[in-house]
Amino acid sequence: MTWTDYKPPVQYIKTPDGKERPVRGLSLEDFTGLITSHLDDMMDISALYIQSQKDVMAATNMTDIVMLALRQFPALISEVISLVTDTPELRNKRLGVGLQLQILQTSLKLTVEDAGGLGNLSAMLQSAVKAAVGERGEVSRKLTDILSQSSTSGAVKTPTS
């Protein structure tokens, strides 16, 4: 077996039309594209996640974060769904909230597993975003503020589960 035979892990979900369709996790290439196209939204989602880890009145689990993202960042969510389904024509297409949640939760699970845990994924994303913003003034300062809030919220590497 060679590397050209490798296929990323997928999980099949049942869609409302009764068909089984594949969903994959996000790749580093996907994250790079998302960071480039949706940096502000991704930083805002990161801030929501970090705040949720510190505030018992805030979102308490990943489903809550995903629901907030669905409402507040529809273009980013649409882009993610098109990537993890390998279906570019889904970009900006309206899907039912239940299907969106199912796709996003499945992809998040696969992405976190591939990264070796949420802490590892968070650390990788922080590095990628830092590299993307470099010294870009206001964006760089905003990122520094967000990341400084996460110093106690598990953004360190964790062993795989």
# chains A, B, ... in the order shown; residues from 1 in each chain; ligands from 1
>>> residues_around(residues="range 87-93 of chain A", least_positions_apart="6", cutoff="7 Å", atoms="only C-alpha atoms", output="PyMOL selection string")
chain A and resi 75+78-79
>>> select_by_dssp(residues="range 19-141 of chain A", states="strand (DSSP E or B)", output="VMD selection string")
chain A and resid 20 to 24
>>> closest_residue(among="A:Leu70, A:Leu125, A:Leu83, A:Ala115", to="Gln100 in chain A", atoms="only C-alpha atoms")
A:Leu70
>>> atom_distance(atom1="CA of His38 in chain A", atom2="CA of Gln72 in chain A")
12.6 Å
>>> residues_around(residues="Leu26 in chain A", least_positions_apart="3", cutoff="8 Å", atoms="only C-alpha atoms", output="list in words")
Asp30, Phe31, Leu83, Val84, Ser107, Leu108, Leu110 and Thr111 of chain A
>>> atom_distance(atom1="CA of Arg24 in chain A", atom2="CA of Lys109 in chain A")
9.3 Å
>>> select_by_dssp(residues="range 2-115 of chain A", states="helix (DSSP H, G or I)", output="MDAnalysis selection string")
chainID A and resid 3:5 28:54 62:72 74:84 88:90 97:115
>>> write_last_selection(atoms="C-alpha atoms", output="PDB file, in the first residue's frame")
ATOM      1  CA  TRP A   3       0.345   6.903   0.333  1.00  0.00           C
ATOM      2  CA  THR A   4      -1.634   7.466  -2.845  1.00  0.00           C
ATOM      3  CA  ASP A   5      -4.015   4.731  -1.621  1.00  0.00           C
ATOM      4  CA  LEU A  28      -4.925  21.262   7.582  1.00  0.00           C
ATOM      5  CA  GLU A  29      -5.519  22.484   4.029  1.00  0.00           C
ATOM      6  CA  ASP A  30      -9.183  23.086   4.914  1.00  0.00           C
ATOM      7  CA  PHE A  31      -8.229  25.045   8.029  1.00  0.00           C
ATOM      8  CA  THR A  32      -5.749  27.142   6.067  1.00  0.00           C
ATOM      9  CA  GLY A  33      -8.433  28.068   3.539  1.00  0.00           C
ATOM     10  CA  LEU A  34     -10.952  28.819   6.284  1.00  0.00           C
ATOM     11  CA  ILE A  35      -8.471  30.971   8.168  1.00  0.00           C
ATOM     12  CA  THR A  36      -7.685  32.885   4.993  1.00  0.00           C
ATOM     13  CA  SER A  37     -11.336  33.401   4.038  1.00  0.00           C
ATOM     14  CA  HIS A  38     -13.029  33.654   7.443  1.00  0.00           C
ATOM     15  CA  LEU A  39     -10.365  34.759   9.915  1.00  0.00           C
ATOM     16  CA  ASP A  40     -12.562  37.209  11.851  1.00  0.00           C
ATOM     17  CA  ASP A  41     -15.393  34.687  12.184  1.00  0.00           C
ATOM     18  CA  MET A  42     -12.998  31.962  13.307  1.00  0.00           C
ATOM     19  CA  MET A  43     -11.496  34.258  15.917  1.00  0.00           C
ATOM     20  CA  ASP A  44     -14.985  35.169  17.130  1.00  0.00           C
ATOM     21  CA  ILE A  45     -15.946  31.489  17.404  1.00  0.00           C
ATOM     22  CA  SER A  46     -12.714  30.848  19.305  1.00  0.00           C
ATOM     23  CA  ALA A  47     -13.575  33.654  21.689  1.00  0.00           C
ATOM     24  CA  LEU A  48     -17.073  32.175  22.205  1.00  0.00           C
ATOM     25  CA  TYR A  49     -15.567  28.768  22.921  1.00  0.00           C
ATOM     26  CA  ILE A  50     -12.989  30.151  25.346  1.00  0.00           C
ATOM     27  CA  GLN A  51     -15.665  32.189  27.135  1.00  0.00           C
ATOM     28  CA  SER A  52     -17.903  29.121  27.372  1.00  0.00           C
ATOM     29  CA  GLN A  53     -15.138  27.307  29.207  1.00  0.00           C
ATOM     30  CA  LYS A  54     -14.982  30.048  31.835  1.00  0.00           C
ATOM     31  CA  MET A  62     -19.988  21.796  21.556  1.00  0.00           C
ATOM     32  CA  THR A  63     -23.601  21.538  20.351  1.00  0.00           C
ATOM     33  CA  ASP A  64     -24.261  24.953  21.889  1.00  0.00           C
ATOM     34  CA  ILE A  65     -21.163  26.372  20.173  1.00  0.00           C
ATOM     35  CA  VAL A  66     -22.237  24.850  16.853  1.00  0.00           C
ATOM     36  CA  MET A  67     -25.745  26.305  17.233  1.00  0.00           C
ATOM     37  CA  LEU A  68     -24.280  29.747  17.964  1.00  0.00           C
ATOM     38  CA  ALA A  69     -22.021  29.413  14.938  1.00  0.00           C
ATOM     39  CA  LEU A  70     -24.949  28.388  12.729  1.00  0.00           C
ATOM     40  CA  ARG A  71     -26.803  31.567  13.689  1.00  0.00           C
ATOM     41  CA  GLN A  72     -23.938  34.037  13.780  1.00  0.00           C
ATOM     42  CA  PRO A  74     -23.683  31.207   8.283  1.00  0.00           C
ATOM     43  CA  ALA A  75     -21.115  31.785   5.513  1.00  0.00           C
ATOM     44  CA  LEU A  76     -18.380  30.050   7.509  1.00  0.00           C
ATOM     45  CA  ILE A  77     -20.661  27.150   8.427  1.00  0.00           C
ATOM     46  CA  SER A  78     -21.763  26.771   4.796  1.00  0.00           C
ATOM     47  CA  GLU A  79     -18.113  26.673   3.736  1.00  0.00           C
ATOM     48  CA  VAL A  80     -17.267  24.041   6.367  1.00  0.00           C
ATOM     49  CA  ILE A  81     -20.205  21.861   5.300  1.00  0.00           C
ATOM     50  CA  SER A  82     -19.156  22.062   1.644  1.00  0.00           C
ATOM     51  CA  LEU A  83     -15.599  21.072   2.603  1.00  0.00           C
ATOM     52  CA  VAL A  84     -16.365  18.131   4.893  1.00  0.00           C
ATOM     53  CA  PRO A  88     -18.605  22.512  -3.275  1.00  0.00           C
ATOM     54  CA  GLU A  89     -22.115  23.019  -4.612  1.00  0.00           C
ATOM     55  CA  LEU A  90     -23.406  22.958  -1.003  1.00  0.00           C
ATOM     56  CA  VAL A  97     -30.697  22.774  10.913  1.00  0.00           C
ATOM     57  CA  GLY A  98     -30.852  19.117  11.974  1.00  0.00           C
ATOM     58  CA  LEU A  99     -28.820  18.034   8.953  1.00  0.00           C
ATOM     59  CA  GLN A 100     -26.346  20.883   9.433  1.00  0.00           C
ATOM     60  CA  LEU A 101     -25.860  19.883  13.066  1.00  0.00           C
ATOM     61  CA  GLN A 102     -25.393  16.247  12.152  1.00  0.00           C
ATOM     62  CA  ILE A 103     -22.788  17.075   9.488  1.00  0.00           C
ATOM     63  CA  LEU A 104     -20.896  19.494  11.748  1.00  0.00           C
ATOM     64  CA  GLN A 105     -20.926  17.218  14.809  1.00  0.00           C
ATOM     65  CA  THR A 106     -19.740  14.258  12.736  1.00  0.00           C
ATOM     66  CA  SER A 107     -16.965  16.303  11.170  1.00  0.00           C
ATOM     67  CA  LEU A 108     -15.931  17.796  14.513  1.00  0.00           C
ATOM     68  CA  LYS A 109     -15.700  14.323  16.042  1.00  0.00           C
ATOM     69  CA  LEU A 110     -13.536  13.051  13.165  1.00  0.00           C
ATOM     70  CA  THR A 111     -11.364  16.192  13.222  1.00  0.00           C
ATOM     71  CA  VAL A 112     -10.754  16.008  16.986  1.00  0.00           C
ATOM     72  CA  GLU A 113     -10.000  12.272  16.807  1.00  0.00           C
ATOM     73  CA  ASP A 114      -7.545  12.835  13.950  1.00  0.00           C
ATOM     74  CA  ALA A 115      -5.777  15.607  15.876  1.00  0.00           C
TER      75      ALA A 115
END
>>> atom_distance(atom1="CA of Pro16 in chain A", atom2="CA of Gly96 in chain A")
9.3 Å
>>> residues_around(residues="Glu20 in chain A", least_positions_apart="3", cutoff="12 Å", atoms="only C-alpha atoms", output="VMD selection string")
chain A and resid 10 to 17 23 85 103
>>> write_last_selection(atoms="N, CA and C atoms", output="PDB file, in the first residue's frame")
ATOM      1  N   VAL A  10     -13.968   8.513   7.050  1.00  0.00           N
ATOM      2  CA  VAL A  10     -15.270   9.151   6.881  1.00  0.00           C
ATOM      3  C   VAL A  10     -16.280   8.413   7.747  1.00  0.00           C
ATOM      4  N   GLN A  11     -17.328   9.109   8.038  1.00  0.00           N
ATOM      5  CA  GLN A  11     -18.462   8.500   8.721  1.00  0.00           C
ATOM      6  C   GLN A  11     -19.676   8.793   7.855  1.00  0.00           C
ATOM      7  N   TYR A  12     -20.514   7.793   7.696  1.00  0.00           N
ATOM      8  CA  TYR A  12     -21.715   7.977   6.877  1.00  0.00           C
ATOM      9  C   TYR A  12     -22.879   8.394   7.764  1.00  0.00           C
ATOM     10  N   ILE A  13     -23.610   9.397   7.286  1.00  0.00           N
ATOM     11  CA  ILE A  13     -24.806   9.841   8.007  1.00  0.00           C
ATOM     12  C   ILE A  13     -26.006   9.660   7.088  1.00  0.00           C
ATOM     13  N   LYS A  14     -27.127   9.403   7.700  1.00  0.00           N
ATOM     14  CA  LYS A  14     -28.365   9.243   6.932  1.00  0.00           C
ATOM     15  C   LYS A  14     -29.007  10.615   6.762  1.00  0.00           C
ATOM     16  N   THR A  15     -29.266  10.981   5.521  1.00  0.00           N
ATOM     17  CA  THR A  15     -29.879  12.270   5.219  1.00  0.00           C
ATOM     18  C   THR A  15     -31.396  12.102   5.137  1.00  0.00           C
ATOM     19  N   PRO A  16     -32.140  13.205   5.180  1.00  0.00           N
ATOM     20  CA  PRO A  16     -33.609  13.116   5.166  1.00  0.00           C
ATOM     21  C   PRO A  16     -34.187  12.333   3.976  1.00  0.00           C
ATOM     22  N   ASP A  17     -33.436  12.248   2.872  1.00  0.00           N
ATOM     23  CA  ASP A  17     -33.937  11.490   1.719  1.00  0.00           C
ATOM     24  C   ASP A  17     -33.665   9.992   1.857  1.00  0.00           C
ATOM     25  N   VAL A  23     -19.162  11.973   5.433  1.00  0.00           N
ATOM     26  CA  VAL A  23     -18.676  13.214   6.030  1.00  0.00           C
ATOM     27  C   VAL A  23     -17.266  12.908   6.531  1.00  0.00           C
ATOM     28  N   THR A  85     -18.089  17.587   3.281  1.00  0.00           N
ATOM     29  CA  THR A  85     -18.871  16.675   2.452  1.00  0.00           C
ATOM     30  C   THR A  85     -18.257  16.532   1.063  1.00  0.00           C
ATOM     31  N   ILE A 103     -24.016  16.991  10.289  1.00  0.00           N
ATOM     32  CA  ILE A 103     -22.788  17.075   9.488  1.00  0.00           C
ATOM     33  C   ILE A 103     -21.659  17.681  10.317  1.00  0.00           C
TER      34      ILE A 103
END
